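Novice: Next comes the structure file coords.cif, holding mmCIF, C-alpha atoms (C1' of nucleotides).
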```cif
data_start
loop_
_atom_site.label_atom_id
_atom_site.label_comp_id
_atom_site.auth_asym_id
_atom_site.auth_seq_id
_atom_site.Cartn_x
_atom_site.Cartn_y
_atom_site.Cartn_z
CA MET Y 1 137.99 49.57 94.67
CA THR Y 2 140.42 47.19 93.08
CA GLU Y 3 141.23 47.20 89.44
CA SER Y 4 140.05 43.66 89.18
CA THR Y 5 137.77 44.61 86.36
CA GLN Y 6 140.04 45.90 83.68
CA GLY Y 7 142.70 48.47 83.47
CA ARG Y 8 145.08 46.80 81.15
CA PRO Y 9 145.07 48.48 77.77
CA GLY Y 10 144.70 45.42 75.61
CA THR Y 11 141.57 44.12 77.26
CA THR Y 12 139.54 47.21 77.72
CA THR Y 13 136.52 46.05 75.77
CA ALA Y 14 134.04 43.63 77.24
CA ALA Y 15 135.74 40.31 77.70
CA VAL Y 16 132.67 38.34 76.76
CA PRO Y 17 129.75 39.42 74.61
CA GLY Y 18 126.67 39.24 76.76
CA ASP Y 19 128.43 40.49 79.85
CA LEU Y 20 126.83 43.86 79.41
CA GLY Y 21 123.47 42.16 79.68
CA TRP Y 22 124.52 40.33 82.78
CA HIS Y 23 125.81 43.55 84.32
CA LEU Y 24 122.64 45.42 83.50
CA GLY Y 25 120.51 42.64 84.86
CA MET Y 26 122.44 42.54 88.11
CA VAL Y 27 122.35 46.28 88.62
CA LEU Y 28 118.68 46.41 87.84
CA ARG Y 29 118.05 43.57 90.22
CA GLY Y 30 119.91 45.32 92.99
CA TYR Y 31 118.02 48.48 92.29
CA GLN Y 32 114.71 46.70 92.25
CA THR Y 33 115.29 44.99 95.56
CA ARG Y 34 116.15 48.24 97.29
CA PHE Y 35 113.45 50.18 95.52
CA GLU Y 36 110.81 47.62 96.39
CA ALA Y 37 111.72 47.79 100.05
CA ALA Y 38 111.67 51.58 99.94
CA VAL Y 39 108.18 51.89 98.47
CA ALA Y 40 106.67 48.71 99.88
CA GLU Y 41 103.77 50.49 101.55
CA MET Y 42 103.01 52.67 98.59
CA PRO Y 43 99.89 51.72 96.63
CA ALA Y 44 100.91 49.74 93.54
CA GLY Y 45 104.50 49.59 94.75
CA ILE Y 46 107.29 50.50 92.38
CA ARG Y 47 105.06 51.33 89.51
CA GLY Y 48 102.76 53.32 91.69
CA PHE Y 49 105.68 55.46 92.73
CA GLN Y 50 106.89 55.81 89.18
CA VAL Y 51 103.50 56.88 87.95
CA LEU Y 52 103.03 59.34 90.76
CA SER Y 53 106.50 60.74 90.24
CA ALA Y 54 105.96 61.12 86.52
CA VAL Y 55 102.61 62.79 87.10
CA VAL Y 56 104.12 65.36 89.41
CA HIS Y 57 107.44 65.97 87.69
CA LYS Y 58 106.61 65.44 84.04
CA ASP Y 59 103.02 66.61 84.04
CA PRO Y 60 101.95 64.45 81.10
CA PRO Y 61 98.87 65.77 79.28
CA ASN Y 62 97.10 62.40 79.17
CA GLN Y 63 97.41 58.75 80.02
CA GLN Y 64 98.92 57.88 76.71
CA ALA Y 65 101.83 60.22 77.24
CA LEU Y 66 102.25 58.94 80.76
CA GLY Y 67 102.31 55.37 79.60
CA ALA Y 68 104.72 56.11 76.79
CA HIS Y 69 107.10 57.84 79.14
CA LEU Y 70 107.18 54.94 81.56
CA ALA Y 71 106.85 52.33 78.83
CA ILE Y 72 103.78 50.95 80.51
CA ASP Y 73 101.07 49.38 78.40
CA ARG Y 74 97.89 51.42 78.34
CA THR Y 75 95.79 48.49 79.56
CA VAL Y 76 98.12 48.12 82.50
CA LEU Y 77 98.07 51.81 83.17
CA THR Y 78 94.32 51.74 83.52
CA TYR Y 79 94.19 49.54 86.58
CA LEU Y 80 97.42 51.02 87.91
CA ILE Y 81 95.76 54.40 87.97
CA ASP Y 82 92.63 52.82 89.39
CA THR Y 83 94.70 51.73 92.35
CA LEU Y 84 96.23 55.15 92.80
CA VAL Y 85 92.86 56.83 92.54
CA ALA Y 86 91.47 54.47 95.14
CA ALA Y 87 94.36 55.45 97.39
CA ALA Y 88 93.53 59.11 96.70
CA VAL Y 89 97.01 60.07 95.59
CA VAL Y 90 95.98 61.00 92.07
CA GLU Y 91 92.82 62.06 90.27
CA ARG Y 92 91.54 61.59 86.75
CA ILE Y 93 90.21 64.80 85.39
CA PRO Y 94 88.70 65.08 81.93
CA ASP Y 95 90.61 67.21 79.49
CA PRO Y 96 88.21 70.01 78.51
CA ALA Y 97 89.95 70.42 75.17
CA ASP Y 98 89.69 66.75 74.23
CA ARG Y 99 87.05 64.87 76.06
CA ARG Y 100 88.45 61.54 75.02
CA ALA Y 101 91.51 62.17 77.11
CA ARG Y 102 91.96 62.27 80.86
CA LYS Y 103 94.62 64.12 82.65
CA ILE Y 104 96.11 62.57 85.72
CA ILE Y 105 96.97 64.97 88.49
CA ALA Y 106 98.30 64.42 91.95
CA THR Y 107 96.19 65.27 94.95
CA GLU Y 108 97.59 67.22 97.84
CA SER Y 109 97.91 63.97 99.72
CA GLY Y 110 99.61 62.50 96.68
CA ARG Y 111 102.23 65.20 96.61
CA HIS Y 112 102.89 64.69 100.25
CA THR Y 113 103.15 60.94 99.80
CA LEU Y 114 105.54 61.42 96.93
CA ALA Y 115 107.77 63.67 99.00
CA VAL Y 116 107.96 61.06 101.72
CA TYR Y 117 108.82 58.23 99.40
CA GLU Y 118 111.24 60.25 97.34
CA ASP Y 119 113.46 60.51 100.37
CA ARG Y 120 113.41 56.79 100.80
CA VAL Y 121 114.05 56.19 97.13
CA ALA Y 122 116.96 58.60 97.19
CA ALA Y 123 118.39 56.65 100.09
CA ALA Y 124 117.90 53.40 98.21
CA GLU Y 125 119.69 54.79 95.18
CA ALA Y 126 122.54 56.04 97.33
CA ASP Y 127 122.77 52.62 98.91
CA LEU Y 128 122.99 50.94 95.54
CA LEU Y 129 125.83 53.22 94.52
CA ALA Y 130 127.54 53.00 97.88
CA GLY Y 131 130.30 50.80 96.56
CA LEU Y 132 131.49 53.41 94.08
CA GLU Y 133 133.54 56.50 94.66
CA ASP Y 134 131.50 59.68 94.51
CA ASP Y 135 133.06 60.70 91.23
CA ASP Y 136 132.43 57.33 89.69
CA ALA Y 137 128.85 57.27 90.87
CA ARG Y 138 128.32 60.68 89.35
CA SER Y 139 129.76 59.77 85.99
CA LEU Y 140 127.81 56.56 85.96
CA GLY Y 141 124.64 58.51 86.55
CA VAL Y 142 125.43 60.92 83.76
CA LEU Y 143 126.36 58.23 81.28
CA ILE Y 144 123.37 56.05 82.04
CA GLY Y 145 121.17 59.07 81.71
CA ARG Y 146 122.58 59.89 78.31
CA LEU Y 147 122.19 56.34 77.14
CA ALA Y 148 118.69 56.09 78.52
CA LYS Y 149 117.63 59.16 76.61
CA ASN Y 150 119.14 57.76 73.44
CA VAL Y 151 117.16 54.59 73.90
CA HIS Y 152 113.98 56.40 74.76
CA ARG Y 153 114.32 58.51 71.66
CA THR Y 154 114.96 55.63 69.30
CA GLN Y 155 112.63 53.11 70.86
CA PRO Y 156 109.15 52.48 69.54
CA GLY Y 157 106.36 53.19 71.95
CA ALA Y 158 107.74 56.52 73.02
CA SER Y 159 106.18 58.78 70.50
CA PRO Y 160 104.03 61.53 71.92
CA CYS Y 161 106.09 62.85 74.77
CA GLU Y 162 109.38 63.74 73.24
CA ALA Y 163 109.04 67.18 74.66
CA MET Y 164 109.55 65.66 78.06
CA ASP Y 165 112.71 63.88 77.08
CA ASN Y 166 115.01 66.81 77.34
CA LEU Y 167 114.96 67.28 81.04
CA MET U 1 107.90 69.58 82.97
CA THR U 2 108.76 72.74 84.78
CA GLU U 3 108.78 71.56 88.32
CA SER U 4 111.43 68.95 88.06
CA THR U 5 114.13 71.55 87.86
CA GLN U 6 112.98 73.96 90.42
CA GLY U 7 113.90 72.48 93.74
CA ARG U 8 117.61 71.84 93.55
CA PRO U 9 119.63 74.56 91.96
CA GLY U 10 123.08 73.62 90.82
CA THR U 11 122.70 69.95 91.48
CA THR U 12 125.09 67.78 89.58
CA THR U 13 123.50 64.39 90.12
CA ALA U 14 120.08 63.09 89.24
CA ALA U 15 117.54 65.78 89.80
CA VAL U 16 114.72 63.50 90.82
CA PRO U 17 114.87 60.42 93.01
CA GLY U 18 113.67 57.54 90.92
CA ASP U 19 115.36 58.76 87.79
CA LEU U 20 118.07 56.19 88.18
CA GLY U 21 115.39 53.53 88.00
CA TRP U 22 113.92 55.07 84.90
CA HIS U 23 117.34 55.26 83.29
CA LEU U 24 118.15 51.69 84.15
CA GLY U 25 114.81 50.52 82.87
CA MET U 26 115.26 52.34 79.60
CA VAL U 27 118.76 51.08 79.02
CA LEU U 28 117.73 47.56 79.86
CA ARG U 29 114.80 47.85 77.50
CA GLY U 30 117.02 49.00 74.70
CA TYR U 31 119.45 46.23 75.40
CA GLN U 32 116.73 43.66 75.49
CA THR U 33 115.22 44.72 72.21
CA ARG U 34 118.55 44.48 70.43
CA PHE U 35 119.55 41.33 72.20
CA GLU U 36 116.27 39.64 71.40
CA ALA U 37 116.67 40.40 67.74
CA ALA U 38 120.24 39.16 67.81
CA VAL U 39 119.44 35.77 69.33
CA ALA U 40 115.93 35.33 67.99
CA GLU U 41 116.65 32.00 66.33
CA MET U 42 118.53 30.63 69.26
CA PRO U 43 116.65 28.00 71.28
CA ALA U 44 115.15 29.62 74.38
CA GLY U 45 116.14 33.05 73.12
CA ILE U 46 117.93 35.44 75.44
CA ARG U 47 118.04 33.09 78.35
CA GLY U 48 119.18 30.25 76.18
CA PHE U 49 122.11 32.34 75.08
CA GLN U 50 122.89 33.42 78.60
CA VAL U 51 122.84 29.87 79.86
CA LEU U 52 124.98 28.60 77.03
CA SER U 53 127.41 31.44 77.47
CA ALA U 54 127.67 30.85 81.20
CA VAL U 55 128.16 27.15 80.67
CA VAL U 56 131.04 27.72 78.30
CA HIS U 57 132.72 30.66 79.98
CA LYS U 58 132.00 30.08 83.64
CA ASP U 59 131.95 26.32 83.68
CA PRO U 60 129.62 26.05 86.68
CA PRO U 61 129.91 22.72 88.49
CA ASN U 62 126.17 22.14 88.67
CA GLN U 63 122.78 23.60 87.87
CA GLN U 64 122.50 25.35 91.16
CA ALA U 65 125.65 27.33 90.56
CA LEU U 66 124.51 28.10 87.07
CA GLY U 67 121.15 29.34 88.27
CA ALA U 68 122.70 31.41 91.04
CA HIS U 69 125.06 33.07 88.62
CA LEU U 70 122.31 34.04 86.22
CA ALA U 71 119.75 34.64 88.97
CA ILE U 72 117.42 32.19 87.32
CA ASP U 73 115.03 30.19 89.44
CA ARG U 74 115.92 26.53 89.49
CA THR U 75 112.45 25.47 88.38
CA VAL U 76 112.84 27.73 85.39
CA LEU U 77 116.32 26.46 84.74
CA THR U 78 115.01 22.93 84.45
CA TYR U 79 112.88 23.48 81.41
CA LEU U 80 115.31 26.01 80.03
CA ILE U 81 117.98 23.34 79.98
CA ASP U 82 115.45 20.86 78.65
CA THR U 83 115.05 23.10 75.66
CA LEU U 84 118.77 23.46 75.14
CA VAL U 85 119.29 19.73 75.47
CA ALA U 86 116.55 19.14 72.92
CA ALA U 87 118.38 21.52 70.60
CA ALA U 88 121.58 19.58 71.25
CA VAL U 89 123.64 22.58 72.28
CA VAL U 90 124.25 21.35 75.83
CA GLU U 91 124.24 18.04 77.66
CA ARG U 92 123.47 17.04 81.21
CA ILE U 93 126.13 14.76 82.54
CA PRO U 94 126.00 13.29 86.03
CA ASP U 95 128.73 14.43 88.36
CA PRO U 96 130.63 11.28 89.30
CA ALA U 97 131.63 12.80 92.63
CA ASP U 98 128.08 13.73 93.60
CA ARG U 99 125.44 11.81 91.80
CA ARG U 100 122.70 14.21 92.85
CA ALA U 101 124.28 16.91 90.79
CA ARG U 102 124.42 17.28 87.04
CA LYS U 103 126.97 19.21 85.21
CA ILE U 104 125.90 21.07 82.13
CA ILE U 105 128.40 21.05 79.33
CA ALA U 106 128.22 22.46 75.84
CA THR U 107 128.30 20.15 72.89
CA GLU U 108 130.55 20.83 69.93
CA SER U 109 127.53 22.15 68.11
CA GLY U 110 126.73 24.28 71.12
CA ARG U 111 130.15 25.88 71.13
CA HIS U 112 129.83 26.62 67.49
CA THR U 113 126.36 28.07 67.98
CA LEU U 114 127.63 30.22 70.79
CA ALA U 115 130.45 31.58 68.66
CA VAL U 116 128.00 32.58 65.97
CA TYR U 117 125.63 34.33 68.32
CA GLU U 118 128.36 35.98 70.31
CA ASP U 119 129.26 37.98 67.26
CA ARG U 120 125.69 39.12 66.87
CA VAL U 121 125.41 39.97 70.54
CA ALA U 122 128.62 41.96 70.40
CA ALA U 123 127.16 43.90 67.52
CA ALA U 124 123.96 44.48 69.43
CA GLU U 125 125.90 45.78 72.41
CA ALA U 126 127.93 48.05 70.19
CA ASP U 127 124.73 49.34 68.65
CA LEU U 128 123.27 50.11 72.05
CA LEU U 129 126.35 52.10 72.98
CA ALA U 130 126.61 53.75 69.59
CA GLY U 131 125.38 57.07 70.91
CA LEU U 132 128.28 57.44 73.32
CA GLU U 133 131.86 58.39 72.67
CA ASP U 134 134.22 55.47 72.80
CA ASP U 135 135.76 56.64 76.04
CA ASP U 136 132.40 57.13 77.65
CA ALA U 137 131.18 53.74 76.53
CA ARG U 138 134.28 52.18 78.01
CA SER U 139 133.95 53.87 81.36
CA LEU U 140 130.28 53.05 81.47
CA GLY U 141 131.13 49.41 80.90
CA VAL U 142 133.71 49.44 83.66
CA LEU U 143 131.48 51.21 86.15
CA ILE U 144 128.48 49.04 85.47
CA GLY U 145 130.66 46.01 85.79
CA ARG U 146 131.94 47.14 89.17
CA LEU U 147 128.47 47.90 90.38
CA ALA U 148 127.11 44.62 89.07
CA LYS U 149 129.76 42.69 90.94
CA ASN U 150 128.94 44.57 94.12
CA VAL U 151 125.31 43.65 93.73
CA HIS U 152 126.07 40.06 92.90
CA ARG U 153 128.28 39.80 95.94
CA THR U 154 125.78 41.29 98.35
CA GLN U 155 122.73 39.58 96.94
CA PRO U 156 122.38 35.84 97.12
CA GLY U 157 120.54 34.57 94.09
CA ALA U 158 116.95 35.49 93.73
CA SER U 159 114.47 36.36 91.08
CA PRO U 160 115.36 38.03 87.83
CA CYS U 161 113.43 40.58 85.96
CA GLU U 162 113.69 40.62 82.35
CA ALA U 163 111.59 42.51 83.17
CA MET U 164 113.33 43.81 82.04
CA ASP U 165 111.03 44.62 80.23
CA ASN U 166 108.92 45.63 83.07
CA LEU U 167 110.71 48.43 84.61
"C1'" DT M 1 124.94 0.52 110.27
"C1'" DC M 2 120.76 2.91 109.98
"C1'" DA M 3 117.71 6.76 110.64
"C1'" DA M 4 117.44 11.77 110.33
"C1'" DT M 5 118.85 15.75 107.98
"C1'" DT M 6 120.51 18.31 104.24
"C1'" DT M 7 121.35 19.10 99.38
"C1'" DA M 8 120.46 18.87 94.21
"C1'" DT M 9 117.21 18.47 90.99
"C1'" DG M 10 112.73 17.69 88.89
"C1'" DT M 11 107.41 18.21 88.73
"C1'" DT M 12 102.96 20.32 89.44
"C1'" DG M 13 99.76 23.81 90.08
"C1'" DC M 14 98.65 28.55 91.29
"C1'" DT M 15 98.91 33.52 90.60
"C1'" DA M 16 100.20 37.97 88.84
"C1'" DG M 17 101.34 40.58 85.13
"C1'" DA M 18 101.73 41.64 80.25
"C1'" DC M 19 99.72 41.99 75.95
"C1'" DA M 20 96.37 41.54 72.01
"C1'" DG M 21 91.87 42.46 70.59
"C1'" DA M 22 87.20 44.03 71.08
"C1'" DC M 23 84.38 47.90 72.53
"C1'" DT M 24 82.80 52.86 73.74
"C1'" DA M 25 83.19 57.53 73.31
"C1'" DT M 26 85.00 61.46 71.23
"C1'" DA M 27 87.75 64.02 67.36
"C1'" DT M 28 89.18 64.92 62.91
"C1'" DT M 29 89.07 64.75 57.94
"C1'" DC M 30 87.14 64.69 53.52
"C1'" DG L 1 77.80 63.35 57.83
"C1'" DA L 2 80.38 59.21 56.73
"C1'" DA L 3 84.78 57.37 57.32
"C1'" DT L 4 88.70 57.13 59.94
"C1'" DA L 5 91.69 58.04 63.91
"C1'" DT L 6 92.48 58.41 68.89
"C1'" DA L 7 91.89 57.83 74.24
"C1'" DG L 8 90.63 54.92 77.42
"C1'" DT L 9 88.51 50.63 79.23
"C1'" DC L 10 87.38 45.75 79.43
"C1'" DT L 11 88.11 40.79 78.49
"C1'" DG L 12 90.58 36.69 77.55
"C1'" DT L 13 94.78 34.41 76.93
"C1'" DC L 14 99.43 33.35 77.65
"C1'" DT L 15 103.73 33.07 80.21
"C1'" DA L 16 107.09 33.46 83.85
"C1'" DG L 17 107.98 32.73 88.37
"C1'" DC L 18 107.13 30.84 92.77
"C1'" DA L 19 105.58 27.69 96.43
"C1'" DA L 20 104.92 23.13 97.52
"C1'" DC L 21 105.73 18.60 96.84
"C1'" DA L 22 108.59 14.54 95.09
"C1'" DT L 23 112.90 11.94 94.48
"C1'" DA L 24 117.43 10.72 94.88
"C1'" DA L 25 121.76 10.93 96.97
"C1'" DA L 26 125.05 12.61 100.22
"C1'" DT L 27 126.08 13.67 105.18
"C1'" DT L 28 125.61 13.42 110.00
"C1'" DG L 29 125.20 11.34 114.40
"C1'" DA L 30 123.85 7.91 117.53
#
```
Would you kindly transcribe this structure into structure tokens?

Specialist:
Amino acid sequence: MTESTQGRPGTTTAAVPGDLGWHLGMVLRGYQTRFEAAVAEMPAGIRGFQVLSAVVHKDPPNQQALGAHLAIDRTVLTYLIDTLVAAAVVERIPDPADRRARKIIATESGRHTLAVYEDRVAAAEADLLAGLEDDDARSLGVLIGRLAKNVHRTQPGASPCEAMDNL
Amino acid sequence: MTESTQGRPGTTTAAVPGDLGWHLGMVLRGYQTRFEAAVAEMPAGIRGFQVLSAVVHKDPPNQQALGAHLAIDRTVLTYLIDTLVAAAVVERIPDPADRRARKIIATESGRHTLAVYEDRVAAAEADLLAGLEDDDARSLGVLIGRLAKNVHRTQPGASPCEAMDNL
DNA sequence: TCAATTTATGTTGCTAGACAGACTATATTC
DNA sequence: GAATATAGTCTGTCTAGCAACATAAATTGA
């Protein structure tokens, strides 16, 4: 990789304000394209995968926590989960302790589905990072993760699941 | 939140496929929130700023190039530029060499406006990165920039996200 | 030169998705 | 037990983006 970006001491900060936004947008776009292709056949696509993944790995106690974690509006989450329930990858089960709430759990089939798509998603992520050296890709992942957790902590709409943040 | 750690002992990279997407989404969300606040009074908001900034710094020869650079659909670009023209920050001038094309140039007022908002945007970006050490923030900027250029090179213009907010 | 094709931009209308607000059911608090 | 808060759902509205069409101008090719 050439040092076309920066490398000279005097110009190490962003040359133009707003570039960070452009960079983020581009990277996200690249990610989205690859991700979309990877989970195209999954019910509800990207978001379906994200919900299923969060359900399995984060085990949120109710829909509100799930929505807060993924920053998905609760009204959106409703029909998103409807789709996943129809595809039999998750179930809504009433919380016995609080009958207002419903817990979303993955079915056996759902766990299997997730495993399949996780491989594809991992490949998509590797493909996105393919242009970087391994070390660089690793540090980028670490730094983005740190930043993301900062944002998630300080951002409104992420209240009730802070316990899940520290993974 | 127990299962996410169990499968891959000693892993150094992202534990769960899909995490990169979550991280990117979070960071973009944080950026967007700050950016939105910073350019709230600017005509056409975030995109208005991005267009104006690209016009001044990239000097694209026509709308198509401008749209491709920002990954904004040309039909969207039309009314986006309409707004900016109405606010007198840019002008459409016909390209004398190709009268189909129009070149977008910033007015004096537009350049001044841009200068004002660039300061705010720079502050917003600094605020987003405030949680990281200076060195880390710098490397993150460099790495994201490299990755973004990779993506931009391999992906001919398509649809944006802003979504940003969405993912 | 003139018709066919391509390119640059603008316009219209459709659709999906996001969000606000109303509504139901349950919990909590005083 | 009345008032208030919370979880989830439903409904309506609004917007962004896209496809499809329109227009004008450049290019190509006979």

Novice: Check which residues of chain L sit at most 9 Å from chain Y using all atoms listed in the file, and return one row each with the closest pair of atoms and their distance in Å to one decimal, ordered by chain and rising number, as a Markdown table.

Specialist:
```
| residue | atom | partner | partner_atom | distance |
| --- | --- | --- | --- | --- |
| L:DT6 | C1' | Y:Arg100 | CA | 8.0 |
| L:DA7 | C1' | Y:Arg100 | CA | 5.1 |
| L:DG8 | C1' | Y:Ala101 | CA | 7.3 |
| L:DT9 | C1' | Y:Thr78 | CA | 7.3 |
| L:DC10 | C1' | Y:Thr75 | CA | 8.8 |
```

Novice: Return the Cα root-mean-square deviation, in Å, for chain Y superposed on chain U by least squares with the Cα atoms paired in order.

Specialist: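 Pairing the C-alpha atoms in order and fitting gives 6.2 Å.
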
Novice: Using all atoms listed in the file, find the one residue out of Y:Val27, Y:Leu80, Y:Val16, Y:Val51 that sits nearest to chain M.

Specialist: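 That would be Y:Leu80, the residue with the smallest distance to chain M.
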
Novice: Write out as a PyMOL selection string each polymer residue whose atoms come within 12 Å of DT27 in chain L, counting all atoms listed in the file; drop sequence neighbours fewer than 6 positions from it.

Specialist: (chain U and resi 98) or (chain M and resi 4-7)

Novice: Using all atoms listed in the file for the distances, tell me which of Y:Ala86, Y:Glu125, Y:Ala137, Y:Asp73 is nearest to chain M.

Specialist: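 Residue with the minimum atom-to-atom distance to chain M: Y:Asp73.
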
Novice: So the first atom is CA of Met26 in chain Y and the second is CA of Glu36 in chain U; what is the distance between them in Å, to one decimal place?

Specialist: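 Taking CA of Met26 in chain Y and CA of Glu36 in chain U, their separation equals 18.0 Å.
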
Novice: Evaluate the PyMOL selection byres ((chain Y and resi 39-46) around 7) and record the selected residues as a PDB file with C-alpha atoms, in the frame of the given file, following the chain and residue labels used in the document.

Specialist:
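Dumped to out16.pdb:
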```pdb
ATOM      1  CA  PHE Y  35     113.450  50.180  95.520  1.00  0.00           C
ATOM      2  CA  GLU Y  36     110.810  47.620  96.390  1.00  0.00           C
ATOM      3  CA  ALA Y  37     111.720  47.790 100.050  1.00  0.00           C
ATOM      4  CA  ALA Y  38     111.670  51.580  99.940  1.00  0.00           C
ATOM      5  CA  ARG Y  47     105.060  51.330  89.510  1.00  0.00           C
ATOM      6  CA  GLY Y  48     102.760  53.320  91.690  1.00  0.00           C
ATOM      7  CA  PHE Y  49     105.680  55.460  92.730  1.00  0.00           C
ATOM      8  CA  GLN Y  50     106.890  55.810  89.180  1.00  0.00           C
ATOM      9  CA  LEU Y  80      97.420  51.020  87.910  1.00  0.00           C
ATOM     10  CA  THR Y  83      94.700  51.730  92.350  1.00  0.00           C
ATOM     11  CA  LEU Y  84      96.230  55.150  92.800  1.00  0.00           C
ATOM     12  CA  ALA Y  87      94.360  55.450  97.390  1.00  0.00           C
ATOM     13  CA  TYR Y 117     108.820  58.230  99.400  1.00  0.00           C
TER      14      TYR Y 117
END
```

Novice: Evaluated on this file, the PyMOL selection byres ((chain M and resi 1) around 12) picks out some residues - which ones are they, written as a list in words?

Specialist: DC2 and DA3 of chain M; DG29 and DA30 of chain L

Novice: Take the residues that were just selected and, keeping C-alpha atoms (C1' of nucleotides), output them as a PDB file, in the frame of the given file.

Specialist:
```pdb
ATOM      1  C1'  DC M   2     120.760   2.910 109.980  1.00  0.00           C
ATOM      2  C1'  DA M   3     117.710   6.760 110.640  1.00  0.00           C
TER       3       DA M   3
ATOM      4  C1'  DG L  29     125.200  11.340 114.400  1.00  0.00           C
ATOM      5  C1'  DA L  30     123.850   7.910 117.530  1.00  0.00           C
TER       6       DA L  30
END
```

Novice: Could you list, as a PDB file with C-alpha atoms, in the coordinates of the input, every residue matched by the PyMOL selection byres ((chain Y) within 8 of (chain U)) in this structure?

Specialist:
```pdb
ATOM      1  CA  THR Y   5     137.770  44.610  86.360  1.00  0.00           C
ATOM      2  CA  GLN Y   6     140.040  45.900  83.680  1.00  0.00           C
ATOM      3  CA  THR Y  12     139.540  47.210  77.720  1.00  0.00           C
ATOM      4  CA  THR Y  13     136.520  46.050  75.770  1.00  0.00           C
ATOM      5  CA  ALA Y  14     134.040  43.630  77.240  1.00  0.00           C
ATOM      6  CA  PRO Y  17     129.750  39.420  74.610  1.00  0.00           C
ATOM      7  CA  GLY Y  18     126.670  39.240  76.760  1.00  0.00           C
ATOM      8  CA  LEU Y  20     126.830  43.860  79.410  1.00  0.00           C
ATOM      9  CA  GLY Y  21     123.470  42.160  79.680  1.00  0.00           C
ATOM     10  CA  TRP Y  22     124.520  40.330  82.780  1.00  0.00           C
ATOM     11  CA  HIS Y  23     125.810  43.550  84.320  1.00  0.00           C
ATOM     12  CA  LEU Y  24     122.640  45.420  83.500  1.00  0.00           C
ATOM     13  CA  GLY Y  25     120.510  42.640  84.860  1.00  0.00           C
ATOM     14  CA  MET Y  26     122.440  42.540  88.110  1.00  0.00           C
ATOM     15  CA  VAL Y  27     122.350  46.280  88.620  1.00  0.00           C
ATOM     16  CA  LEU Y  28     118.680  46.410  87.840  1.00  0.00           C
ATOM     17  CA  ARG Y  29     118.050  43.570  90.220  1.00  0.00           C
ATOM     18  CA  GLY Y  30     119.910  45.320  92.990  1.00  0.00           C
ATOM     19  CA  TYR Y  31     118.020  48.480  92.290  1.00  0.00           C
ATOM     20  CA  GLN Y  50     106.890  55.810  89.180  1.00  0.00           C
ATOM     21  CA  SER Y  53     106.500  60.740  90.240  1.00  0.00           C
ATOM     22  CA  VAL Y  56     104.120  65.360  89.410  1.00  0.00           C
ATOM     23  CA  HIS Y  57     107.440  65.970  87.690  1.00  0.00           C
ATOM     24  CA  LYS Y  58     106.610  65.440  84.040  1.00  0.00           C
ATOM     25  CA  ASP Y  59     103.020  66.610  84.040  1.00  0.00           C
ATOM     26  CA  LEU Y  70     107.180  54.940  81.560  1.00  0.00           C
ATOM     27  CA  ALA Y  71     106.850  52.330  78.830  1.00  0.00           C
ATOM     28  CA  ILE Y  72     103.780  50.950  80.510  1.00  0.00           C
ATOM     29  CA  GLU Y 118     111.240  60.250  97.340  1.00  0.00           C
ATOM     30  CA  ASP Y 119     113.460  60.510 100.370  1.00  0.00           C
ATOM     31  CA  VAL Y 121     114.050  56.190  97.130  1.00  0.00           C
ATOM     32  CA  ALA Y 122     116.960  58.600  97.190  1.00  0.00           C
ATOM     33  CA  GLU Y 125     119.690  54.790  95.180  1.00  0.00           C
ATOM     34  CA  LEU Y 128     122.990  50.940  95.540  1.00  0.00           C
ATOM     35  CA  LEU Y 129     125.830  53.220  94.520  1.00  0.00           C
ATOM     36  CA  GLY Y 131     130.300  50.800  96.560  1.00  0.00           C
ATOM     37  CA  LEU Y 132     131.490  53.410  94.080  1.00  0.00           C
ATOM     38  CA  ASP Y 136     132.430  57.330  89.690  1.00  0.00           C
ATOM     39  CA  ARG Y 138     128.320  60.680  89.350  1.00  0.00           C
ATOM     40  CA  LEU Y 140     127.810  56.560  85.960  1.00  0.00           C
ATOM     41  CA  GLY Y 141     124.640  58.510  86.550  1.00  0.00           C
ATOM     42  CA  VAL Y 142     125.430  60.920  83.760  1.00  0.00           C
ATOM     43  CA  LEU Y 143     126.360  58.230  81.280  1.00  0.00           C
ATOM     44  CA  ILE Y 144     123.370  56.050  82.040  1.00  0.00           C
ATOM     45  CA  GLY Y 145     121.170  59.070  81.710  1.00  0.00           C
ATOM     46  CA  ARG Y 146     122.580  59.890  78.310  1.00  0.00           C
ATOM     47  CA  LEU Y 147     122.190  56.340  77.140  1.00  0.00           C
ATOM     48  CA  ALA Y 148     118.690  56.090  78.520  1.00  0.00           C
ATOM     49  CA  LYS Y 149     117.630  59.160  76.610  1.00  0.00           C
ATOM     50  CA  ASN Y 150     119.140  57.760  73.440  1.00  0.00           C
ATOM     51  CA  VAL Y 151     117.160  54.590  73.900  1.00  0.00           C
ATOM     52  CA  HIS Y 152     113.980  56.400  74.760  1.00  0.00           C
ATOM     53  CA  GLN Y 155     112.630  53.110  70.860  1.00  0.00           C
ATOM     54  CA  MET Y 164     109.550  65.660  78.060  1.00  0.00           C
ATOM     55  CA  LEU Y 167     114.960  67.280  81.040  1.00  0.00           C
TER      56      LEU Y 167
END
```

Novice: For chain M, list the residues within 9 Å of chain U, counting only C-alpha atoms (C1' of nucleotides), and write the list as a ChimeraX atom specification.

Specialist: /M:7-11,18

Novice: By how many Å are CA of Glu91 in chain Y and CA of Ile105 in chain Y apart?

Specialist: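 Taking CA of Glu91 in chain Y and CA of Ile105 in chain Y, their separation equals 5.4 Å.
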